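Chemist: Shown below is the structure under consideration.
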Amino acid sequence: MNVVAAAADAASQNEPVLNISIFAAFVAVTLFIVIRASRNNKTAADFYAGGRSFSGTQNGFAIAGDYLSAASFLGICGAIAVYGYDGFLYSIGFLVAWLVALLLVAELMRNTGKFTMADVLSFRLKQRPVRMAAAISTLVVCFFYLLAQMAGAGGLVALLLGVTDQVGTAAVVTVVGVLMVGYVLIGGMKGTTWVQIVKAGLLIGGALLMTIWVLAIQGVDLFSAAVEASQNQTYPETAKALEDAIAGGASVLDPGLQYKNPIDFLSLGLALVLGTAGLPHVLMRFYTVPTAKEARKSVVWAIMLIGGFYLLTLVLGYGAGGLVGAGTILSSPGGVNSAAPLLAQALGGPVLMGIISAVAFATILAVVAGLTITAAASFSHDIYNGVIKRGAATEKQERKVANVTIVVIGLLAIVGGIAVIGQNVAFLVALAFAIAASANLPTILYSLFWRGFTTRGAVWSMYGGLISAVVLIVLSPVFWGETGVLKAGTAIFPLSNPGIVSIPIGFLLGWIGSLTSKGSEDPRLAAEMEVRSLTGHGAEKAVNH
């Protein structure tokens with residue numbers, strides 16, 4: 001197929017100077033936005049929640065910018081291009097998950113909360129144990145999510161600069177980590193939000209342009225080209241199982257190309273659908289608007305933007321499969337995460353590739369900044385002020401601790417990002433979703449909808465769900481075997497995603513813990529929380545108190 005051959009030749013060409021120039025321009029513009037926005041960071045509400053000064057439309061774009069991460073653009077496009085049907089599960093899961101989050105928790109938590117998820121969960125329970133558990137869970141979820149973004153950044157810049165060795169890619173990840181720390185230290189939530197608004201517009205606009213271009217070349221029958229391209233390419237040695245499957249007649253239109261075990265497929269779907277409702281950095285976005293009405297408006301905008309984008313990923317994924325080819329994608333620096341940039345190169349040459357990659361890089365920086373500020377807020381506000389200082393810390397002390405936390409998180413993210421280079425970012429994000437759904441979602445739902453929920457139930461649920469999810473991940477093929485991080489040994493737990501086991505454990509422990517400590521909580525606080533979450537009455541008092 002001539003188009004595929006041309007794309008393969010194009011993929012081997014690179015113009016590092018042009019790419020670096022485009023990157024530098026994007027970084028300069030976003031840094032300018034952050035510095036301008038940071039001038040108004042005077043209080044904790046400014047730093048953590050952007051002063052609650054954003055309109056519903058602005059916040060809707062910011063939510064989309066926060067949610068459409070490297071996993072949504074690089075990871076999903078790559079997964080669809082290489083694995084077809086199995087890869088598209090990520091698009092479906094992420095979108096349906098967003099609807100679950102909106103229906104069940106988003107507005108209710110905004111009406112009840114202040115700055116963090118722990119503010120909501122500790123409202124009617126004992127403050128210190130619940131805050132500590134919620135903060136630890138938040139930090140772990142944010143760390144796993146950060147790993148995915150750092151892996152995406154490393155693969156993306158390695159592709160653009162033609163870096164193929166481990167040392168060069170590690171240096172790239174380090175630079176991304178340093179930039180991330182700078183963004184958050186300077187801009188806080190206000191600067192981060194503006195970067196996310198700009199980045200959401202650029203990302204959706206770029207994806208729409210590429211979608212129209214792909215349809216103009218291939219027409220609506222994207223699938224035939226993708227199937228033909230997958231059969232006519234040479235695969236790297238690391239993708240031997242995939243090459244054998246396709247040589248044996250498997251197609252990117254068939255299920256089972258990536259997930260041979262249907263239970264693994266189900267576990268992934270469960271984690272994706274339920275995970276968003278427990279993601280702290282997404283829930284925190286609803287605290288940046290002044291009223292419940294604006295929160296609802298931001299939800300409408302977010303649904304339109306996110307839903308539209310995930311429809312585009314189907315065209316981009318199969319378009320990359322047809323115009324570039326799975327073998328070329330897997331053989332390039334960055335591996336499966338390079339599908340979208342390579343598609344841009346096949347369509348518009350090095351210039352379009354540089355622009356789309358710079359947009360993807362801005363996407364990673366914006367999401368990483370949002371995650372970092374969520375983790376910093378959780379540690380400084382919940383652990384330092386809520387647990388160590390028992391609520392007596394000043395805003396200045398909180399900010400100082402938050403800044404130190406940001407630097408520490410940045411260092412950990414750099415080390416972890418280097419360790420997971422080469423992994424599909426959508427797959428890594430799915431692990432964060434599984435942890436969030438196991439540790440946070442049961443406690444959130446029980447707190448909002450069950451008056452009999454107790455402190456013991458909350459602590460058991462969060463720690464039990466968190467520990468079971470992390471332990472199962474460590475024992476799974478994520479770490480062990482030929483495709484694992486350690487590239488050795490045999491996995492004890494057979495599933496790549498622990499959701500189907502760890503999520504029920506979180507719900508079960510919350511129920512058992514509450515039943516064995518029934519009557520230990522104040523029923524008046526439970527009633528007050530129910531009224532506040534459903535009506536918004538008293539929410540402003542909670543915000544300003």
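Numbering starts fresh at 1 for the residues of each chain in the structure tokens, the chains themselves are lettered A, B, ... in the order given, and ligands are numbered from 1 as they appear.
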Do you know which residues are at most 7 Å from Trp480 (chain A) counting only C-alpha atoms, after dropping those on the same chain fewer than 6 positions away, and could you put them as a short mmCIF file (atom, residue, chain, number, x, y, z; two decimals) with all heavy atoms, in the first residue's frame?
Modeler:
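Output (around-v1.cif):
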data_model
loop_
_atom_site.label_atom_id
_atom_site.label_comp_id
_atom_site.auth_asym_id
_atom_site.auth_seq_id
_atom_site.Cartn_x
_atom_site.Cartn_y
_atom_site.Cartn_z
N LEU A 486 9.84 -5.05 35.47
CA LEU A 486 11.06 -5.74 35.89
C LEU A 486 11.62 -6.68 34.82
O LEU A 486 12.76 -7.14 34.95
CB LEU A 486 10.79 -6.52 37.18
CG LEU A 486 10.33 -5.67 38.38
CD1 LEU A 486 10.06 -6.55 39.58
CD2 LEU A 486 11.39 -4.62 38.73
N LYS A 487 10.82 -7.00 33.80
CA LYS A 487 11.24 -7.87 32.70
C LYS A 487 11.79 -9.22 33.18
O LYS A 487 12.73 -9.77 32.60
CB LYS A 487 12.32 -7.16 31.86
CG LYS A 487 11.92 -5.82 31.26
CD LYS A 487 11.04 -6.03 30.06
CE LYS A 487 10.82 -4.74 29.28
NZ LYS A 487 10.13 -3.68 30.00
N ALA A 488 11.24 -9.75 34.26
CA ALA A 488 11.72 -11.03 34.80
C ALA A 488 10.62 -11.68 35.62
O ALA A 488 9.64 -11.03 36.01
CB ALA A 488 12.96 -10.79 35.68
N GLY A 489 10.79 -12.98 35.90
CA GLY A 489 9.87 -13.69 36.78
C GLY A 489 8.52 -13.96 36.14
O GLY A 489 8.29 -13.71 34.96
N THR A 490 7.60 -14.44 36.98
CA THR A 490 6.24 -14.76 36.55
C THR A 490 5.25 -14.09 37.49
O THR A 490 5.43 -14.13 38.71
CB THR A 490 6.01 -16.28 36.54
OG1 THR A 490 7.00 -16.89 35.72
CG2 THR A 490 4.62 -16.61 36.01
N ALA A 491 4.20 -13.50 36.94
CA ALA A 491 3.20 -12.82 37.76
C ALA A 491 2.39 -13.82 38.58
O ALA A 491 2.00 -14.88 38.07
CB ALA A 491 2.28 -12.00 36.87
#
Chemist: Find the residues near region 219-233 of chain A: any atom within 7 Å, counting only C-alpha atoms, skip ones fewer than 2 places away on the same chain, and give them as a list in words.
Modeler: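 In the requested form, the answer reads Val4, Leu215, Ala216, Ile217, Tyr235, Ile246, Ala247, Ser251, Val252, Tyr318, Gly319, Gly321, Gly322, Gly325, Ala326 and Gly327 of chain A.
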Chemist: Can you work out which one of A:Gln58, A:Ser332, A:Ser137, A:Ser267 has the shortest atom-to-atom distance to Gly464 (chain A), counting only C-alpha atoms?
Modeler: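 Closest to Gly464 (chain A), using only C-alpha atoms: A:Ser137.
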Chemist: Excluding Leu146 (chain A) and its own-chain neighbours fewer than 6 positions away, which residues fall within 9 Å of it when counting only C-alpha atoms? Please give them as a compact mmCIF listing (two decimals) with C-alpha atoms, in the first residue's frame.
Modeler:
# COMPACT_ATOMS: atom_id res chain seq x y z
CA VAL A 367 -2.45 17.58 33.63
CA VAL A 368 0.74 17.03 35.62
CA LEU A 371 -2.22 16.41 39.72
CA THR A 372 0.69 17.96 41.60
CA ALA A 413 7.48 11.53 39.50
CA GLY A 416 8.95 6.74 38.56
CA GLY A 417 8.54 8.14 35.05
CA VAL A 429 -3.77 5.65 33.79
Chemist: Could you list, with a cut-off of 10 Å and counting only C-alpha atoms, the residues of region 56-109 of chain A near region 196-210 of chain A, each shown with its nearest atom pair and the distance in Å rounded to one decimal, rows sorted by chain and ascending number, as a Markdown table?
Modeler:
| residue | atom | partner | partner_atom | distance |
| --- | --- | --- | --- | --- |
| A:Thr57 | CA | A:Ile197 | CA | 9.7 |
| A:Gln58 | CA | A:Ile197 | CA | 6.8 |
| A:Asn59 | CA | A:Ile197 | CA | 7.8 |
| A:Gly60 | CA | A:Ile197 | CA | 8.4 |
| A:Phe61 | CA | A:Ile197 | CA | 5.1 |
| A:Ala62 | CA | A:Ile197 | CA | 4.6 |
| A:Ile63 | CA | A:Gln196 | CA | 7.8 |
| A:Ala64 | CA | A:Ala200 | CA | 6.2 |
| A:Gly65 | CA | A:Ala200 | CA | 4.4 |
| A:Asp66 | CA | A:Gln196 | CA | 6.3 |
| A:Tyr67 | CA | A:Ala200 | CA | 9.4 |
| A:Leu68 | CA | A:Ala200 | CA | 7.7 |
| A:Ser69 | CA | A:Ala200 | CA | 9.7 |
| A:Phe73 | CA | A:Leu203 | CA | 8.5 |
Chemist: Choose the residue, out of A:Leu159, A:Ala271, A:Val178, A:Leu279, that has the smallest atom-to-atom separation from Phe427 (chain A); count only C-alpha atoms.
Modeler: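 For Phe427 (chain A), the nearest of the candidates is A:Ala271.
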